$ cat start-v2.txt   # compact mmCIF, C-alpha atoms and all ligand atoms
# COMPACT_ATOMS: atom_id res chain seq x y z
CA MET A 1258 58.12 -15.51 10.37
CA ASN A 1259 55.89 -14.85 13.34
CA PRO A 1260 56.39 -17.74 15.82
CA GLU A 1261 52.68 -18.28 16.23
CA VAL A 1262 52.30 -18.92 12.51
CA LEU A 1263 52.20 -22.64 11.80
CA LEU A 1264 51.73 -22.43 8.08
CA SER A 1265 52.19 -19.46 5.81
CA VAL A 1266 50.64 -19.27 2.36
CA GLN A 1267 52.01 -16.63 0.02
CA ASP A 1268 50.70 -15.79 -3.44
CA LEU A 1269 49.42 -19.30 -4.09
CA HIS A 1270 48.31 -20.01 -7.65
CA VAL A 1271 46.86 -23.28 -8.89
CA SER A 1272 46.20 -23.58 -12.60
CA PHE A 1273 45.24 -26.13 -15.18
CA GLY A 1274 46.75 -25.04 -18.47
CA ALA A 1275 45.56 -21.49 -19.09
CA VAL A 1276 42.78 -21.76 -16.50
CA GLU A 1277 43.68 -20.37 -13.12
CA ALA A 1278 41.55 -21.80 -10.31
CA VAL A 1279 43.42 -20.31 -7.33
CA ARG A 1280 44.70 -16.83 -8.12
CA GLY A 1281 47.17 -15.34 -5.72
CA LEU A 1282 46.03 -16.42 -2.28
CA SER A 1283 47.93 -15.36 0.84
CA PHE A 1284 47.06 -16.16 4.44
CA ASP A 1285 48.52 -17.62 7.61
CA VAL A 1286 47.34 -20.53 9.68
CA ARG A 1287 48.16 -19.91 13.31
CA GLU A 1288 49.23 -22.44 15.86
CA GLY A 1289 46.29 -24.08 17.65
CA GLU A 1290 43.47 -22.32 15.82
CA VAL A 1291 40.52 -23.60 13.85
CA LEU A 1292 40.51 -21.80 10.51
CA ALA A 1293 37.37 -22.25 8.44
CA VAL A 1294 37.51 -21.87 4.67
CA VAL A 1295 34.17 -21.02 3.11
CA GLY A 1296 32.82 -19.98 -0.28
CA GLU A 1297 30.51 -21.31 -2.95
CA SER A 1298 31.26 -24.35 -5.03
CA GLY A 1299 34.22 -23.85 -7.36
CA ALA A 1300 35.84 -21.13 -5.24
CA GLY A 1301 39.05 -23.15 -5.02
CA LYS A 1302 38.71 -24.40 -1.44
CA SER A 1303 39.65 -28.00 -2.14
CA LEU A 1304 42.57 -27.03 -4.36
CA THR A 1305 43.80 -24.76 -1.59
CA ALA A 1306 43.35 -27.54 0.98
CA ARG A 1307 45.34 -29.92 -1.19
CA ALA A 1308 48.09 -27.35 -1.74
CA LEU A 1309 48.36 -26.89 2.04
CA LEU A 1310 49.09 -30.58 2.33
CA GLY A 1311 51.57 -30.58 -0.53
CA MET A 1312 49.34 -32.83 -2.61
CA PRO A 1313 47.79 -30.89 -5.50
CA PRO A 1314 46.22 -32.79 -8.40
CA ARG A 1315 48.89 -34.22 -10.67
CA GLU A 1316 47.75 -32.14 -13.64
CA ALA A 1317 47.84 -28.84 -11.72
CA THR A 1318 50.58 -26.23 -11.88
CA VAL A 1319 51.18 -24.70 -8.46
CA THR A 1320 53.23 -21.58 -7.81
CA GLY A 1321 53.77 -19.41 -4.76
CA SER A 1322 54.68 -20.68 -1.35
CA VAL A 1323 53.22 -22.80 1.43
CA ARG A 1324 55.71 -22.87 4.27
CA MET A 1325 55.56 -24.93 7.41
CA GLY A 1326 58.55 -24.10 9.56
CA SER A 1327 61.56 -24.73 7.37
CA TYR A 1328 59.63 -26.87 4.88
CA GLU A 1329 58.31 -25.57 1.58
CA LEU A 1330 55.31 -27.58 0.43
CA VAL A 1331 54.91 -26.10 -3.06
CA GLY A 1332 56.84 -28.42 -5.32
CA ALA A 1333 57.95 -30.49 -2.33
CA ARG A 1334 59.75 -33.73 -3.10
CA HIS A 1335 58.20 -36.97 -2.10
CA SER A 1336 60.75 -37.37 0.70
CA VAL A 1337 59.68 -34.07 2.26
CA ARG A 1338 56.04 -34.98 2.11
CA ALA A 1339 56.76 -38.42 3.52
CA ALA A 1340 58.62 -36.83 6.43
CA LEU A 1341 55.70 -34.52 7.20
CA TRP A 1342 52.84 -36.85 6.48
CA GLY A 1343 51.06 -38.20 9.55
CA ARG A 1344 53.37 -36.56 12.08
CA ARG A 1345 52.98 -32.97 11.02
CA LEU A 1346 50.19 -32.96 8.45
CA ALA A 1347 47.07 -35.06 8.03
CA LEU A 1348 43.89 -35.04 6.02
CA VAL A 1349 40.34 -35.89 6.99
CA PRO A 1350 38.86 -36.69 3.59
CA GLN A 1351 35.34 -36.03 2.42
CA ASP A 1352 34.65 -39.63 1.53
CA ALA A 1353 35.59 -41.97 4.37
CA LEU A 1354 34.61 -45.08 2.46
CA SER A 1355 37.14 -44.46 -0.27
CA ALA A 1356 39.79 -43.57 2.32
CA LEU A 1357 39.46 -46.97 3.97
CA SER A 1358 40.33 -50.27 2.38
CA PRO A 1359 37.31 -52.60 2.11
CA VAL A 1360 39.38 -55.74 2.68
CA HIS A 1361 40.85 -55.12 6.13
CA PRO A 1362 39.20 -54.62 9.52
CA VAL A 1363 39.19 -50.98 10.61
CA ALA A 1364 41.47 -51.50 13.62
CA ASP A 1365 44.02 -53.26 11.41
CA GLN A 1366 44.07 -50.29 9.06
CA LEU A 1367 44.75 -47.88 11.91
CA ALA A 1368 47.43 -50.20 13.27
CA ALA A 1369 49.10 -50.22 9.84
CA ALA A 1370 48.93 -46.41 9.82
CA VAL A 1371 50.65 -46.35 13.23
CA ARG A 1372 53.43 -48.57 11.94
CA SER A 1373 53.86 -46.54 8.76
CA VAL A 1374 55.14 -43.70 10.93
CA ASP A 1375 56.35 -45.25 14.18
CA ARG A 1376 58.53 -48.33 14.54
CA VAL A 1377 56.53 -50.21 17.12
CA SER A 1378 55.50 -53.84 17.47
CA ARG A 1379 52.30 -55.06 15.87
CA LYS A 1380 50.82 -55.56 19.30
CA ALA A 1381 51.65 -52.02 20.42
CA ALA A 1382 50.35 -50.59 17.15
CA ARG A 1383 47.12 -52.47 17.56
CA ALA A 1384 46.69 -51.24 21.11
CA ARG A 1385 47.18 -47.67 19.93
CA ALA A 1386 44.70 -48.18 17.11
CA VAL A 1387 42.06 -49.54 19.46
CA ALA A 1388 42.65 -46.71 21.93
CA ALA A 1389 42.39 -44.12 19.13
CA LEU A 1390 39.11 -45.63 17.99
CA GLU A 1391 37.80 -45.59 21.55
CA GLU A 1392 38.58 -41.86 21.69
CA VAL A 1393 36.10 -41.34 18.87
CA GLY A 1394 33.46 -43.59 20.38
CA ILE A 1395 34.18 -46.85 18.58
CA ALA A 1396 34.43 -49.73 21.07
CA ALA A 1397 37.15 -52.36 20.84
CA ASP A 1398 34.81 -55.11 19.68
CA GLN A 1399 33.40 -52.88 16.94
CA ALA A 1400 36.92 -52.02 15.80
CA ARG A 1401 37.34 -55.55 14.46
CA ALA A 1402 34.61 -54.96 11.88
CA TYR A 1403 35.17 -54.09 8.23
CA PRO A 1404 34.40 -50.60 6.88
CA HIS A 1405 31.23 -51.77 5.10
CA GLU A 1406 29.89 -52.99 8.43
CA PHE A 1407 30.17 -49.48 9.86
CA SER A 1408 27.59 -46.74 9.48
CA GLY A 1409 28.68 -43.68 7.49
CA GLY A 1410 29.11 -41.71 10.72
CA MET A 1411 31.28 -44.44 12.26
CA ARG A 1412 33.48 -44.59 9.17
CA GLN A 1413 33.93 -40.84 9.32
CA ARG A 1414 34.87 -41.10 13.00
CA ALA A 1415 37.36 -43.81 12.12
CA VAL A 1416 39.12 -41.61 9.57
CA ILE A 1417 39.22 -38.79 12.10
CA ALA A 1418 40.89 -41.20 14.54
CA MET A 1419 43.30 -42.15 11.78
CA ALA A 1420 44.19 -38.53 10.99
CA MET A 1421 44.78 -37.83 14.69
CA LEU A 1422 46.89 -40.94 15.36
CA HIS A 1423 50.21 -39.12 15.58
CA SER A 1424 48.85 -35.86 16.99
CA PRO A 1425 49.79 -33.96 13.83
CA ALA A 1426 50.43 -30.24 14.01
CA LEU A 1427 47.90 -29.55 11.26
CA VAL A 1428 44.80 -31.40 10.15
CA VAL A 1429 42.99 -30.31 7.01
CA ALA A 1430 39.39 -31.47 6.82
CA ASP A 1431 37.76 -30.88 3.46
CA GLU A 1432 33.99 -31.05 3.91
CA PRO A 1433 34.33 -34.06 6.15
CA THR A 1434 30.61 -34.55 6.57
CA THR A 1435 28.96 -33.90 3.25
CA ALA A 1436 27.61 -37.43 2.92
CA GLN A 1437 25.98 -37.50 6.38
CA ASP A 1438 22.60 -36.51 7.77
CA PRO A 1439 22.57 -33.19 9.70
CA GLU A 1440 22.68 -34.72 13.18
CA THR A 1441 25.63 -36.97 12.29
CA GLN A 1442 27.35 -34.01 10.60
CA ARG A 1443 27.10 -31.99 13.73
CA GLN A 1444 28.40 -34.80 15.93
CA ILE A 1445 31.34 -35.38 13.63
CA LEU A 1446 32.29 -31.73 13.47
CA ASP A 1447 32.01 -31.49 17.25
CA LEU A 1448 34.22 -34.52 17.56
CA LEU A 1449 36.77 -33.14 15.11
CA ALA A 1450 36.90 -29.83 16.94
CA HIS A 1451 37.18 -31.49 20.35
CA ARG A 1452 39.83 -33.99 19.27
CA SER A 1453 41.94 -31.27 17.72
CA GLU A 1454 41.60 -29.20 20.86
CA ALA A 1455 42.56 -32.18 23.03
CA THR A 1456 45.64 -32.94 20.95
CA GLY A 1457 46.64 -29.31 20.38
CA THR A 1458 46.17 -29.80 16.65
CA THR A 1459 45.56 -26.86 14.35
CA LEU A 1460 42.54 -27.42 12.14
CA VAL A 1461 41.76 -26.06 8.69
CA LEU A 1462 38.12 -26.86 8.08
CA VAL A 1463 36.63 -26.50 4.62
CA THR A 1464 32.88 -26.42 5.00
CA HIS A 1465 29.63 -25.05 3.65
CA ASP A 1466 28.06 -25.17 7.09
CA LEU A 1467 28.15 -21.66 8.51
CA PRO A 1468 26.56 -22.56 11.87
CA THR A 1469 29.50 -24.93 12.35
CA VAL A 1470 31.94 -22.18 11.47
CA ARG A 1471 30.32 -19.92 14.01
CA GLU A 1472 30.43 -22.58 16.67
CA HIS A 1473 33.87 -24.06 16.16
CA ALA A 1474 36.15 -21.81 14.15
CA ASP A 1475 38.38 -19.04 15.44
CA ARG A 1476 38.95 -17.40 12.10
CA VAL A 1477 37.27 -17.61 8.74
CA LEU A 1478 38.66 -17.22 5.24
CA VAL A 1479 36.07 -16.41 2.59
CA MET A 1480 37.04 -17.33 -0.97
CA TYR A 1481 35.47 -16.38 -4.25
CA ALA A 1482 36.66 -17.38 -7.72
CA GLY A 1483 40.07 -18.45 -6.47
CA ARG A 1484 40.79 -15.36 -4.43
CA LEU A 1485 40.50 -14.17 -0.86
CA VAL A 1486 37.45 -11.98 -0.31
CA GLU A 1487 37.61 -11.58 3.42
CA GLU A 1488 39.41 -13.02 6.39
CA GLY A 1489 39.25 -12.39 10.10
CA PRO A 1490 38.02 -13.55 13.51
CA VAL A 1491 34.74 -15.45 13.13
CA GLU A 1492 32.81 -13.39 15.65
CA GLU A 1493 33.74 -10.13 14.01
CA VAL A 1494 33.20 -11.30 10.46
CA PHE A 1495 29.82 -12.84 11.27
CA ALA A 1496 28.68 -9.85 13.30
CA ARG A 1497 29.83 -7.32 10.75
CA PRO A 1498 31.03 -8.61 7.42
CA ARG A 1499 32.99 -6.16 5.31
CA ALA A 1500 32.73 -7.70 1.86
CA PRO A 1501 29.31 -7.76 0.17
CA TYR A 1502 30.02 -11.36 -0.81
CA THR A 1503 30.47 -12.40 2.82
CA ALA A 1504 27.29 -10.55 3.72
CA GLY A 1505 25.43 -12.43 0.99
CA LEU A 1506 26.75 -15.80 2.12
CA LEU A 1507 25.79 -15.10 5.72
CA ALA A 1508 22.37 -13.80 4.77
CA SER A 1509 21.54 -16.86 2.72
CA ALA A 1510 23.03 -19.40 5.16
CA PRO A 1511 19.90 -20.48 7.09
CA ARG A 1512 18.38 -21.88 3.94
CA LYS A 1513 20.76 -24.84 3.97
CA GLY A 1514 21.43 -25.48 7.62
CA ARG A 1515 18.04 -24.68 9.10
CA GLY A 1516 17.35 -28.08 10.67
CA ALA A 1517 20.78 -28.25 12.19
CA VAL A 1518 20.55 -24.66 13.31
CA THR A 1519 17.44 -25.07 15.40
CA SER A 1520 18.51 -28.40 16.89
CA SER A 1521 21.81 -27.02 18.12
CA GLY A 1522 20.58 -23.62 19.16
CA SER A 1523 23.35 -21.89 17.27
CA ALA A 1524 21.45 -19.86 14.77
CA ALA A 1525 23.17 -18.42 11.75
CA GLY A 1526 20.33 -15.95 11.46
CA ARG A 1527 20.71 -14.72 15.01
CA ASP A 1528 22.04 -11.39 13.89
CA GLN A 1529 19.13 -10.71 11.61
CA PRO A 1530 16.23 -10.16 13.98
CA GLN A 1531 14.55 -7.90 11.48
CA ARG A 1532 13.78 -10.86 9.29
CA THR A 1533 10.35 -12.39 9.80
CA ARG A 1534 8.88 -15.64 8.63
CA ARG A 1535 6.87 -13.95 5.93
CA GLN A 1536 9.89 -12.48 4.20
CA ARG A 1537 11.69 -14.44 1.58
CA LEU A 1538 15.13 -15.60 2.55
CA PRO A 1539 17.86 -13.62 0.88
CA SER A 1540 20.15 -15.22 -1.61
CA ILE A 1541 23.03 -14.10 -3.77
CA PRO A 1542 21.72 -13.69 -7.30
CA GLY A 1543 23.41 -15.52 -10.14
CA THR A 1544 26.23 -18.05 -10.00
CA PRO A 1545 30.01 -17.86 -9.59
CA PRO A 1546 31.96 -17.21 -12.79
CA ASN A 1547 33.63 -19.89 -14.85
CA PRO A 1548 37.37 -19.80 -14.04
CA SER A 1549 38.12 -19.84 -17.76
CA ASP A 1550 36.03 -16.70 -18.32
CA LEU A 1551 36.53 -14.31 -15.42
CA PRO A 1552 35.30 -10.72 -15.36
CA LEU A 1553 37.96 -8.06 -15.77
CA GLY A 1554 37.63 -6.27 -12.43
CA CYS A 1555 36.26 -7.77 -9.23
CA ALA A 1556 35.11 -11.32 -9.97
CA PHE A 1557 32.02 -10.76 -7.80
CA ALA A 1558 30.99 -7.47 -9.43
CA PRO A 1559 28.40 -8.99 -11.83
CA ARG A 1560 26.47 -10.34 -8.79
CA CYS A 1561 27.24 -7.58 -6.33
CA PRO A 1562 24.49 -5.14 -5.27
CA LEU A 1563 27.16 -2.56 -4.39
CA ALA A 1564 29.32 -2.78 -7.50
CA ASP A 1565 29.86 0.48 -9.37
CA ALA A 1566 30.15 0.74 -13.12
CA THR A 1567 33.77 1.82 -13.15
CA ARG A 1568 36.38 0.67 -10.67
CA CYS A 1569 34.63 -2.57 -9.60
CA ARG A 1570 34.30 -3.55 -13.27
CA THR A 1571 37.84 -2.77 -14.32
CA GLU A 1572 40.23 -3.03 -11.39
CA ARG A 1573 40.79 -6.17 -9.36
CA PRO A 1574 40.52 -5.38 -5.64
CA GLU A 1575 43.61 -6.39 -3.67
CA PRO A 1576 43.35 -7.59 -0.06
CA GLU A 1577 43.89 -4.84 2.52
CA THR A 1578 44.22 -5.38 6.23
CA HIS A 1579 42.76 -3.05 8.86
CA ASP A 1580 42.36 -3.88 12.57
CA GLY A 1581 43.33 -7.51 12.08
CA ARG A 1582 40.77 -8.04 9.34
CA THR A 1583 41.46 -8.45 5.66
CA VAL A 1584 39.06 -7.57 2.88
CA ALA A 1585 39.41 -7.37 -0.88
CA CYS A 1586 36.62 -5.06 -2.02
CA HIS A 1587 36.69 -1.53 -3.44
CA ARG A 1588 33.49 -0.61 -1.69
CA TRP A 1589 33.69 -2.30 1.71
CA ARG A 1590 33.43 1.01 3.51
CA GLU A 1591 30.04 1.63 1.87
CA LEU A 1592 28.45 -1.60 3.05
CA PRO A 1593 25.25 -0.70 4.94
CA ASP A 1594 24.59 -1.69 8.56
CA HIS A 1595 22.18 -4.46 7.59
CA PRO A 1596 23.76 -5.81 4.42
CA ALA A 1597 21.44 -8.84 4.33
CA GLU A 1598 18.74 -6.50 3.06
CA LEU A 1599 20.78 -5.83 -0.05
CA PHE A 1600 20.32 -9.43 -0.99
CA LEU A 1601 16.71 -9.65 0.14
CA GLU A 1602 15.76 -7.03 -2.41
CA SER A 1603 17.57 -8.80 -5.16
CA VAL A 1604 15.67 -12.09 -4.83
N1 LIG P 1701 41.76 -31.55 -11.66
C1 LIG P 1701 41.18 -30.45 -12.16
N2 LIG P 1701 41.26 -30.13 -13.47
C2 LIG P 1701 40.69 -29.01 -13.97
N3 LIG P 1701 40.01 -28.13 -13.22
C3 LIG P 1701 39.89 -28.39 -11.92
C4 LIG P 1701 40.46 -29.55 -11.31
N4 LIG P 1701 40.19 -29.54 -9.99
C5 LIG P 1701 39.46 -28.42 -9.79
N5 LIG P 1701 39.29 -27.73 -10.93
C6 LIG P 1701 38.55 -26.46 -11.07
O1 LIG P 1701 39.06 -25.53 -10.14
C7 LIG P 1701 38.01 -24.78 -9.56
C8 LIG P 1701 38.09 -24.87 -8.05
O2 LIG P 1701 37.89 -26.21 -7.67
P1 LIG P 1701 37.79 -26.68 -6.15
O3 LIG P 1701 37.55 -28.14 -6.19
O4 LIG P 1701 38.96 -26.21 -5.39
O5 LIG P 1701 36.49 -25.91 -5.67
P2 LIG P 1701 35.77 -25.95 -4.23
O6 LIG P 1701 35.78 -24.58 -3.70
O7 LIG P 1701 36.40 -27.01 -3.41
O8 LIG P 1701 34.28 -26.34 -4.60
P3 LIG P 1701 33.24 -27.34 -3.83
O9 LIG P 1701 32.60 -26.48 -2.79
O10 LIG P 1701 32.29 -27.73 -4.90
O11 LIG P 1701 34.02 -28.48 -3.29
C9 LIG P 1701 36.71 -25.33 -10.12
O12 LIG P 1701 36.29 -24.48 -11.16
C10 LIG P 1701 37.10 -26.66 -10.66
O13 LIG P 1701 36.31 -26.99 -11.78
MG MG P 1702 35.75 -28.80 -2.62

$ encode --input "start-v2.txt" --output "structure tokens" --more "lines below"
Ligand SMILES: Nc1ncnc2c1ncn2[C@@H]1O[C@H](COP(=O)(O)OP(=O)(O)OP(=O)(O)O)[C@@H](O)[C@H]1O
Ligand SMILES: [Mg+2]
Amino acid sequence: MNPEVLLSVQDLHVSFGAVEAVRGLSFDVREGEVLAVVGESGAGKSLTARALLGMPPREATVTGSVRMGSYELVGARHSVRAALWGRRLALVPQDALSALSPVHPVADQLAAAVRSVDRVSRKAARARAVAALEEVGIAADQARAYPHEFSGGMRQRAVIAMAMLHSPALVVADEPTTAQDPETQRQILDLLAHRSEATGTTLVLVTHDLPTVREHADRVLVMYAGRLVEEGPVEEVFARPRAPYTAGLLASAPRKGRGAVTSSGSAAGRDQPQRTRRQRLPSIPGTPPNPSDLPLGCAFAPRCPLADATRCRTERPEPETHDGRTVACHRWRELPDHPAELFLESV
């Protein structure tokens, strides 16, 4: 394995009975990078995130491989996960309130997390907990409070501090800010990116917020219906997507993040100067397929403005890599220079 690869995912499948939600996903997470995972609801992002951490839902069947160094996380025993947890792998959950116990002060919970991994005195653990909370902007006197006394943003910062306690090699953050207002979201994502940079932690960030991806991620993995659609360096993918699906996602992005976009100055629509205020914003027509009833060929074909009536409808496109970018689309070479317009017309 390439030494710069921290985690290697090969042919990952996650299914529930006969329903396959993740269908043969392969990608690498490289040491020190921020990898964003994007795609519409139901694409399989959270299941992938959980598989990366070796903690799929109990009822799921997982096959394929997720390797971190000499450890295999698919089907890993509890002892393997326990050895990796905290030190090597950590999660920033979506819902900070449910990740924290309501009956203990926040600093105590971080101190307990320190002691669950490192054999240190209570006093030393507490000092580390308080220092970790200070790193995320929570002062020592605030740290004595209970989770319900914190604002949502503070709770989210506390769970980021908790995930970072042991400077893990990999942190997976699955939509860590969904419950927050846009300004708090932005601050938290900035904090997460800066903390992982400061600690040399690799970050896999599942998010719907494309301006954040543009600002903080090195590479982006686009998923659709449990498969990889496109993957590559963020700048290149955003400047010139190859898959029609990626183009559609990028074209419709400003609709959601507009407030955040203007306040931060990082506009998702920056590459679409031809769009004026009077035009309707593009969107991808239709909705993603039900995983129990997938189309025969490319899963995106029924919604794709470029799909042909033959190959796209009958043959599943496999990922191919050219110039460090991967795309799974029969027609990627035919994508026009301004693909957003494809979706504008289809509104
Ligand atoms: N425990 C489960 N049992 C059955 N099906 C599940 C389970 N968890 C997820 N699924 C299905 O797997 C698919 C992918 O789910 P997943 O949660 O990974 O999507 P996602 O990309 O994270 O979506 P979102 O953006 O809404 O969080 C969905 O169709 C979902 O209904
Ligand atoms: Mg999810």

$ residues_near_ligand --input "start-v2.txt" --ligand "ligand MG 1702 (chain P)" --cutoff "7 Å" --atoms "all atoms listed in the file" --output "list in words"
Ser1298, Gly1301, Lys1302, Ser1303 and Asp1431 of chain A

$ closest_atom_pairs --input "start-v2.txt" --of "chain A" --to "ligand LIG 1701 (chain P)" --cutoff "9 Å" --atoms "all atoms listed in the file" --output "JSON lines"
{"residue": "A:Val1271", "atom": "CA", "partner": "P:LIG1701", "partner_atom": "O1", "distance": 8.2}
{"residue": "A:Ser1272", "atom": "CA", "partner": "P:LIG1701", "partner_atom": "N3", "distance": 7.7}
{"residue": "A:Phe1273", "atom": "CA", "partner": "P:LIG1701", "partner_atom": "C2", "distance": 5.5}
{"residue": "A:Gly1274", "atom": "CA", "partner": "P:LIG1701", "partner_atom": "C2", "distance": 8.5}
{"residue": "A:Val1276", "atom": "CA", "partner": "P:LIG1701", "partner_atom": "N3", "distance": 7.7}
{"residue": "A:Glu1277", "atom": "CA", "partner": "P:LIG1701", "partner_atom": "O1", "distance": 7.5}
{"residue": "A:Ala1278", "atom": "CA", "partner": "P:LIG1701", "partner_atom": "O1", "distance": 4.5}
{"residue": "A:Val1279", "atom": "CA", "partner": "P:LIG1701", "partner_atom": "C8", "distance": 7.1}
{"residue": "A:Val1294", "atom": "CA", "partner": "P:LIG1701", "partner_atom": "O6", "distance": 9.0}
{"residue": "A:Val1295", "atom": "CA", "partner": "P:LIG1701", "partner_atom": "O6", "distance": 7.9}
{"residue": "A:Gly1296", "atom": "CA", "partner": "P:LIG1701", "partner_atom": "O6", "distance": 6.5}
{"residue": "A:Glu1297", "atom": "CA", "partner": "P:LIG1701", "partner_atom": "O9", "distance": 5.6}
{"residue": "A:Ser1298", "atom": "CA", "partner": "P:LIG1701", "partner_atom": "O9", "distance": 3.4}
{"residue": "A:Gly1299", "atom": "CA", "partner": "P:LIG1701", "partner_atom": "O5", "distance": 3.5}
{"residue": "A:Ala1300", "atom": "CA", "partner": "P:LIG1701", "partner_atom": "O6", "distance": 3.8}
{"residue": "A:Gly1301", "atom": "CA", "partner": "P:LIG1701", "partner_atom": "O4", "distance": 3.1}
{"residue": "A:Lys1302", "atom": "CA", "partner": "P:LIG1701", "partner_atom": "O6", "distance": 3.7}
{"residue": "A:Ser1303", "atom": "CA", "partner": "P:LIG1701", "partner_atom": "O7", "distance": 3.6}
{"residue": "A:Leu1304", "atom": "CA", "partner": "P:LIG1701", "partner_atom": "O4", "distance": 3.8}
{"residue": "A:Thr1305", "atom": "CA", "partner": "P:LIG1701", "partner_atom": "O4", "distance": 6.3}
{"residue": "A:Ala1306", "atom": "CA", "partner": "P:LIG1701", "partner_atom": "O4", "distance": 7.8}
{"residue": "A:Arg1307", "atom": "CA", "partner": "P:LIG1701", "partner_atom": "O4", "distance": 8.5}
{"residue": "A:Pro1313", "atom": "CA", "partner": "P:LIG1701", "partner_atom": "N1", "distance": 8.6}
{"residue": "A:Pro1314", "atom": "CA", "partner": "P:LIG1701", "partner_atom": "N1", "distance": 5.7}
{"residue": "A:Arg1315", "atom": "CA", "partner": "P:LIG1701", "partner_atom": "N1", "distance": 7.7}
{"residue": "A:Glu1316", "atom": "CA", "partner": "P:LIG1701", "partner_atom": "N1", "distance": 6.3}
{"residue": "A:Ala1317", "atom": "CA", "partner": "P:LIG1701", "partner_atom": "N1", "distance": 6.7}
{"residue": "A:Asp1431", "atom": "CA", "partner": "P:LIG1701", "partner_atom": "O7", "distance": 8.0}
{"residue": "A:Glu1432", "atom": "CA", "partner": "P:LIG1701", "partner_atom": "O11", "distance": 7.6}
{"residue": "A:Val1463", "atom": "CA", "partner": "P:LIG1701", "partner_atom": "O7", "distance": 8.0}
{"residue": "A:Thr1464", "atom": "CA", "partner": "P:LIG1701", "partner_atom": "O9", "distance": 7.8}
{"residue": "A:His1465", "atom": "CA", "partner": "P:LIG1701", "partner_atom": "O9", "distance": 7.2}
{"residue": "A:Met1480", "atom": "CA", "partner": "P:LIG1701", "partner_atom": "O6", "distance": 7.8}
{"residue": "A:Tyr1481", "atom": "CA", "partner": "P:LIG1701", "partner_atom": "O6", "distance": 8.2}
{"residue": "A:Ala1482", "atom": "CA", "partner": "P:LIG1701", "partner_atom": "C8", "distance": 7.6}
{"residue": "A:Gly1483", "atom": "CA", "partner": "P:LIG1701", "partner_atom": "C8", "distance": 6.9}
{"residue": "A:Pro1546", "atom": "CA", "partner": "P:LIG1701", "partner_atom": "O12", "distance": 8.6}
{"residue": "A:Asn1547", "atom": "CA", "partner": "P:LIG1701", "partner_atom": "O12", "distance": 6.5}
{"residue": "A:Pro1548", "atom": "CA", "partner": "P:LIG1701", "partner_atom": "O12", "distance": 5.6}
{"residue": "A:Ser1549", "atom": "CA", "partner": "P:LIG1701", "partner_atom": "O12", "distance": 8.3}

$ axis_aligned_box --input "start-v2.txt" --around "range 1361-1373 of chain A" --padding-each-side "6 Å" --output "lines of an AutoDock Vina configuration file"
center_x = 46.5
center_y = -50.7
center_z = 9.9
size_x = 26.7
size_y = 20.8
size_z = 19.5

$ closest_residue --input "start-v2.txt" --among "A:Leu1478, A:Ala1382, A:Val1461, A:Val1429" --to "Asp1365 in chain A" --atoms "all atoms listed in the file"
A:Ala1382

$ atom_distance --input "start-v2.txt" --atom1 "CA of Arg1590 in chain A" --atom2 "CA of Val1479 in chain A"
17.6 Å

$ closest_residue --input "start-v2.txt" --among "A:Ala1597, A:Ala1500, A:Leu1446, A:Met1419" --to "Leu1485 in chain A" --atoms "all atoms listed in the file"
A:Ala1500

$ closest_residue --input "start-v2.txt" --among "A:Glu1572, A:Glu1493, A:Glu1440, A:Asp1550" --to "Arg1476 in chain A" --atoms "all atoms listed in the file"
A:Glu1493

$ closest_residue --input "start-v2.txt" --among "A:Arg1582, A:Arg1287, A:Arg1324, A:Arg1383" --to "Asp1268 in chain A" --atoms "all atoms listed in the file"
A:Arg1324

$ atom_distance --input "start-v2.txt" --atom1 "CA of Ala1508 in chain A" --atom2 "CA of Arg1280 in chain A"
26.0 Å

$ atom_distance --input "start-v2.txt" --atom1 "CA of Pro1468 in chain A" --atom2 "CA of Leu1354 in chain A"
25.7 Å

$ closest_residue --input "start-v2.txt" --among "A:Leu1330, A:Ala1353, A:Leu1346, A:Leu1507" --to "Ser1265 in chain A" --atoms "only C-alpha atoms"
A:Leu1330

$ closest_residue --input "start-v2.txt" --among "A:Ala1504, A:Val1291, A:Leu1264, A:Leu1449" --to "Thr1434 in chain A" --atoms "only C-alpha atoms"
A:Leu1449

$ residues_around --input "start-v2.txt" --residues "Ala1368 in chain A" --least-positions-apart "5" --cutoff "9 Å" --atoms "all atoms listed in the file" --output "number ranges by chain"
A: 1363, 1373, 1379-1387

$ residues_around --input "start-v2.txt" --residues "Ser1358 in chain A" --least-positions-apart "5" --cutoff "9 Å" --atoms "only C-alpha atoms" --output "PyMOL selection string"
chain A and resi 1363+1366+1403-1404

$ residues_around --input "start-v2.txt" --residues "Arg1412 in chain A" --least-positions-apart "6" --cutoff "12 Å" --atoms "only C-alpha atoms" --output "PyMOL selection string"
chain A and resi 1349-1359+1362-1364+1390+1393-1395+1399-1400+1402-1406+1418-1419+1433-1434+1436-1437+1441+1445

$ build_atoms --input "start-v2.txt" --residues "range 1281-1285 of chain A" --atoms "N, CA and C atoms" --output "CSV table (one decimal), in the frame of the given file"
chain,number,residue,atom,x,y,z
A,1281,GLY,N,46.4,-16.3,-6.6
A,1281,GLY,CA,47.2,-15.3,-5.7
A,1281,GLY,C,46.6,-15.2,-4.3
A,1282,LEU,N,46.6,-16.4,-3.6
A,1282,LEU,CA,46.0,-16.4,-2.3
A,1282,LEU,C,47.1,-16.3,-1.2
A,1283,SER,N,47.0,-15.5,-0.3
A,1283,SER,CA,47.9,-15.4,0.8
A,1283,SER,C,47.2,-15.3,2.2
A,1284,PHE,N,47.6,-16.2,3.1
A,1284,PHE,CA,47.1,-16.2,4.4
A,1284,PHE,C,48.0,-17.0,5.3
A,1285,ASP,N,47.8,-16.8,6.6
A,1285,ASP,CA,48.5,-17.6,7.6
A,1285,ASP,C,47.6,-18.5,8.3
